[in-house]
Amino acid sequence: MDSLTLTADLDALGRVSAFITEAAALAGLDERATWQVQLAVDEAATNVIQHAYDLDNPGDLTISWQSDGNCFVVVLRDYGRHFDPQNVPPPDVSSPLEERQVGGLGIYLITRLMDEVRFDFNPQGGNLLTMVKYLAHGPRNDVVTIPIHGRVDAVTAPHLTREVHDQIAQGARFVLLDFTAVAFLSSSGLRALLIIRKELMTLGGELRLAALQPQVHEVFALTGFTQVFAIHPTPAEALGAFGQGRA
């Protein structure tokens, strides 16, 4: 396990980023996974710097990593104030921006970006944060891709729901909906997608959406559903993301 220990102040963030970027390259993470790890580590280190110690008396922060070919593991350790994530309320990501309370976004991002996150503490060992990113081994070969055409509204949404349900009945658990040819999406379409997503998640599967046209993407943005669905610019990117994390 390779490690770096430095003083927990804001000047350390640049060195932390360089250290973890080099580590990700050595472990063979792709560009997207590297970005996810960079952001998760930056959020975690910033939390230590701003909350574990007094700003005028910073202590040590140690960051370590290792990879076994299947997982990339990053560990942050500090000896500051005991941190219990259960005491941090989840952030409000659905209300209008001007009504949201500040706080909790860092932990939220960490848990969304990494595949496993664990917080531990003991008086001798201090705070220990372990974050795991699964390494990609190529796209899954069991993803069902369904191209959608035209409108997804009160008339066509039931047909889409039945089509996906039939695929699920045949054993499909990983479903990609290709929106390249969709020009219109209504609230009825959104409800259908929520039903499909819930059914797949109940079965341990995933639903991902790809290639949303600007006007369709705006419907997701207006309703806050960009926070709910996994949306990708292209079908190829969506295919590569199945089984590789939450985002």
# chains A, B, ... in the order shown; residues from 1 in each chain; ligands from 1
>>> residues_around(residues="Glu237 of chain A", least_positions_apart="4", cutoff="10 Å", atoms="only C-alpha atoms", output="list in words")
Arg32, Pro139, Ala210, Ala211, Ile231, His232, Pro233, Ala241 and Phe242 of chain A
>>> write_last_selection(atoms="C-alpha atoms", output="short mmCIF file (atom, residue, chain, number, x, y, z; two decimals), in the first residue's frame")
data_model
loop_
_atom_site.label_atom_id
_atom_site.label_comp_id
_atom_site.auth_asym_id
_atom_site.auth_seq_id
_atom_site.Cartn_x
_atom_site.Cartn_y
_atom_site.Cartn_z
CA ARG A 32 -14.36 8.49 -15.87
CA PRO A 139 -18.87 -3.75 -20.91
CA ALA A 210 -28.74 7.61 -23.19
CA ALA A 211 -28.67 10.27 -25.90
CA ILE A 231 -28.25 9.58 -17.89
CA HIS A 232 -25.40 9.28 -20.39
CA PRO A 233 -24.48 11.29 -23.49
CA ALA A 241 -21.22 2.12 -17.04
CA PHE A 242 -23.41 -0.88 -16.22
#
>>> select_by_dssp(residues="segment 3-190 of chain A", states="strand (DSSP E)", output="PyMOL selection string")
chain A and resi 3-7+60-67+71-78+116-122+126-134+143-152+174-185
>>> atom_distance(atom1="atom CA of Gly80 of chain A", atom2="atom CA of Leu10 of chain A")
15.6 Å
>>> residues_around(residues="Asp142 of chain A", least_positions_apart="5", cutoff="10 Å", atoms="only C-alpha atoms", output="PyMOL selection string")
chain A and resi 171-175+239+242
>>> residues_around(residues="segment 188-195 of chain A", least_positions_apart="5", cutoff="7 Å", atoms="only C-alpha atoms", output="count of residues only")
5
>>> atom_distance(atom1="atom CA of Val41 of chain A", atom2="atom CA of Leu13 of chain A")
9.4 Å
>>> closest_residue(among="A:Glu206, A:Glu43, A:Asp78, A:Asp115", to="Ser17 of chain A", atoms="only C-alpha atoms")
A:Glu43
>>> closest_residue(among="A:Glu31, A:Glu199, A:Asp166, A:Asp60", to="Leu4 of chain A", atoms="only C-alpha atoms")
A:Asp60
>>> residues_around(residues="Thr234 of chain A", least_positions_apart="6", cutoff="10 Å", atoms="only C-alpha atoms", output="MDAnalysis selection string")
chainID A and resid 178:180 209:212
>>> closest_residue(among="A:Ala45, A:Leu55, A:Ala40, A:Val74", to="Ser3 of chain A", atoms="only C-alpha atoms")
A:Val74
>>> residues_around(residues="Gly59 of chain A", least_positions_apart="6", cutoff="7 Å", atoms="only C-alpha atoms", output="compact mmCIF listing (two decimals) with N, CA and C atoms, in the first residue's frame")
# COMPACT_ATOMS: atom_id res chain seq x y z
N THR A 7 0.31 17.67 6.24
CA THR A 7 -0.45 18.51 7.16
C THR A 7 -1.82 18.81 6.57
N ALA A 8 -2.85 18.67 7.39
CA ALA A 8 -4.21 18.82 6.91
C ALA A 8 -4.60 20.30 6.81
N TYR A 53 -9.80 19.14 12.51
CA TYR A 53 -8.86 19.89 13.35
C TYR A 53 -9.26 21.37 13.43
>>> select_by_dssp(residues="segment 25-228 of chain A", states="helix (DSSP H, G or I)", output="JSON, numbers by chain")
{"A": [25, 26, 27, 31, 32, 33, 34, 35, 36, 37, 38, 39, 40, 41, 42, 43, 44, 45, 46, 47, 48, 49, 50, 51, 52, 85, 86, 87, 97, 98, 99, 105, 106, 107, 108, 109, 110, 111, 112, 113, 157, 158, 159, 160, 161, 162, 163, 164, 165, 166, 167, 168, 169, 187, 188, 189, 190, 191, 192, 193, 194, 195, 196, 197, 198, 199, 200, 201, 202, 214, 215, 216, 217, 218, 219, 220, 221, 222, 223, 225, 226, 227]}
>>> atom_distance(atom1="atom CA of Phe121 of chain A", atom2="atom CA of Ala12 of chain A")
22.7 Å
>>> residues_around(residues="Thr21 of chain A", least_positions_apart="4", cutoff="9 Å", atoms="only C-alpha atoms", output="ChimeraX atom specification")
/A:16-17,25-26,34-35,37-38
>>> closest_residue(among="A:Leu222, A:Cys71, A:Ala181, A:Leu113", to="Ala24 of chain A", atoms="only C-alpha atoms")
A:Cys71
>>> closest_residue(among="A:Tyr108, A:Phe229, A:Tyr134, A:Trp65", to="Arg208 of chain A", atoms="only C-alpha atoms")
A:Phe229
>>> closest_residue(among="A:Leu176, A:Pro123, A:Ile20, A:Leu129", to="Ile148 of chain A", atoms="only C-alpha atoms")
A:Leu176
>>> decode(residues="segment 118-160 of chain A", atoms="N, CA and C atoms", output="compact mmCIF listing (two decimals), in the first residue's frame")
# COMPACT_ATOMS: atom_id res chain seq x y z
N ARG A 118 -16.82 3.24 3.81
CA ARG A 118 -16.93 2.80 5.20
C ARG A 118 -16.19 3.78 6.11
N PHE A 119 -16.86 4.19 7.18
CA PHE A 119 -16.27 5.07 8.19
C PHE A 119 -16.02 4.26 9.46
N ASP A 120 -14.81 4.35 10.00
CA ASP A 120 -14.47 3.68 11.25
C ASP A 120 -13.76 4.66 12.17
N PHE A 121 -13.83 4.38 13.47
CA PHE A 121 -13.14 5.23 14.44
C PHE A 121 -12.78 4.41 15.67
N ASN A 122 -11.58 4.65 16.19
CA ASN A 122 -11.23 4.20 17.53
C ASN A 122 -10.24 5.21 18.11
N PRO A 123 -10.18 5.32 19.44
CA PRO A 123 -9.36 6.38 20.05
C PRO A 123 -7.89 6.30 19.66
N GLN A 124 -7.35 5.10 19.44
CA GLN A 124 -5.95 4.97 19.08
C GLN A 124 -5.72 5.19 17.58
N GLY A 125 -6.62 4.67 16.76
CA GLY A 125 -6.43 4.74 15.31
C GLY A 125 -7.04 5.94 14.65
N GLY A 126 -7.84 6.73 15.37
CA GLY A 126 -8.45 7.92 14.81
C GLY A 126 -9.59 7.60 13.85
N ASN A 127 -9.87 8.56 12.97
CA ASN A 127 -10.91 8.39 11.96
C ASN A 127 -10.32 7.69 10.73
N LEU A 128 -11.00 6.68 10.25
CA LEU A 128 -10.54 5.93 9.09
C LEU A 128 -11.68 5.87 8.07
N LEU A 129 -11.42 6.43 6.90
CA LEU A 129 -12.40 6.38 5.81
C LEU A 129 -11.84 5.49 4.71
N THR A 130 -12.58 4.44 4.38
CA THR A 130 -12.19 3.51 3.33
C THR A 130 -13.16 3.64 2.16
N MET A 131 -12.62 3.89 0.97
CA MET A 131 -13.44 4.05 -0.23
C MET A 131 -12.95 3.08 -1.30
N VAL A 132 -13.90 2.41 -1.95
CA VAL A 132 -13.56 1.38 -2.93
C VAL A 132 -14.21 1.71 -4.27
N LYS A 133 -13.42 1.62 -5.32
CA LYS A 133 -13.94 1.73 -6.70
C LYS A 133 -13.65 0.41 -7.40
N TYR A 134 -14.71 -0.21 -7.93
CA TYR A 134 -14.52 -1.45 -8.68
C TYR A 134 -13.88 -1.13 -10.02
N LEU A 135 -12.95 -1.96 -10.43
CA LEU A 135 -12.28 -1.76 -11.70
C LEU A 135 -13.09 -2.37 -12.83
N ALA A 136 -13.20 -1.63 -13.91
CA ALA A 136 -13.98 -2.09 -15.06
C ALA A 136 -13.23 -3.19 -15.80
N HIS A 137 -13.97 -4.18 -16.25
CA HIS A 137 -13.38 -5.26 -17.05
C HIS A 137 -14.15 -5.41 -18.36
N GLY A 138 -14.45 -4.28 -18.98
CA GLY A 138 -15.18 -4.31 -20.24
C GLY A 138 -16.68 -4.24 -20.01
N PRO A 139 -17.43 -3.88 -21.04
CA PRO A 139 -18.87 -3.75 -20.91
C PRO A 139 -19.53 -5.10 -20.62
N ARG A 140 -20.66 -5.05 -19.94
CA ARG A 140 -21.45 -6.27 -19.70
C ARG A 140 -21.99 -6.78 -21.03
N ASN A 141 -22.18 -8.09 -21.08
CA ASN A 141 -22.74 -8.68 -22.31
C ASN A 141 -24.19 -9.09 -22.13
N ASP A 142 -24.80 -8.65 -21.02
CA ASP A 142 -26.19 -9.02 -20.76
C ASP A 142 -27.11 -7.80 -20.68
N VAL A 143 -26.68 -6.71 -21.30
CA VAL A 143 -27.50 -5.49 -21.31
C VAL A 143 -28.47 -5.55 -22.48
N VAL A 144 -29.74 -5.27 -22.20
CA VAL A 144 -30.76 -5.19 -23.23
C VAL A 144 -30.94 -3.73 -23.63
N THR A 145 -30.67 -3.42 -24.88
CA THR A 145 -30.83 -2.05 -25.38
C THR A 145 -32.15 -1.93 -26.13
N ILE A 146 -32.93 -0.93 -25.74
CA ILE A 146 -34.23 -0.71 -26.37
C ILE A 146 -34.24 0.69 -26.97
N PRO A 147 -34.24 0.79 -28.30
CA PRO A 147 -34.37 2.12 -28.92
C PRO A 147 -35.82 2.60 -28.83
N ILE A 148 -35.98 3.89 -28.54
CA ILE A 148 -37.32 4.48 -28.46
C ILE A 148 -37.44 5.52 -29.57
N HIS A 149 -38.64 5.64 -30.12
CA HIS A 149 -38.83 6.55 -31.25
C HIS A 149 -40.03 7.47 -31.01
N GLY A 150 -39.90 8.70 -31.48
CA GLY A 150 -41.03 9.63 -31.48
C GLY A 150 -41.33 10.22 -30.13
N ARG A 151 -42.55 9.98 -29.64
CA ARG A 151 -43.03 10.57 -28.40
C ARG A 151 -43.12 9.51 -27.30
N VAL A 152 -42.88 9.96 -26.06
CA VAL A 152 -43.14 9.12 -24.89
C VAL A 152 -44.16 9.91 -24.06
N ASP A 153 -45.42 9.58 -24.24
CA ASP A 153 -46.50 10.34 -23.62
C ASP A 153 -47.56 9.39 -23.09
N ALA A 154 -48.75 9.93 -22.79
CA ALA A 154 -49.82 9.10 -22.22
C ALA A 154 -50.25 7.97 -23.14
N VAL A 155 -50.07 8.16 -24.44
CA VAL A 155 -50.46 7.13 -25.40
C VAL A 155 -49.40 6.04 -25.52
N THR A 156 -48.14 6.44 -25.59
CA THR A 156 -47.07 5.49 -25.88
C THR A 156 -46.38 4.92 -24.64
N ALA A 157 -46.51 5.61 -23.49
CA ALA A 157 -45.82 5.16 -22.28
C ALA A 157 -46.23 3.75 -21.85
N PRO A 158 -47.53 3.41 -21.88
CA PRO A 158 -47.89 2.04 -21.51
C PRO A 158 -47.24 0.98 -22.39
N HIS A 159 -47.09 1.28 -23.69
CA HIS A 159 -46.43 0.33 -24.59
C HIS A 159 -44.97 0.15 -24.20
N LEU A 160 -44.29 1.25 -23.85
CA LEU A 160 -42.90 1.16 -23.42
C LEU A 160 -42.79 0.33 -22.14
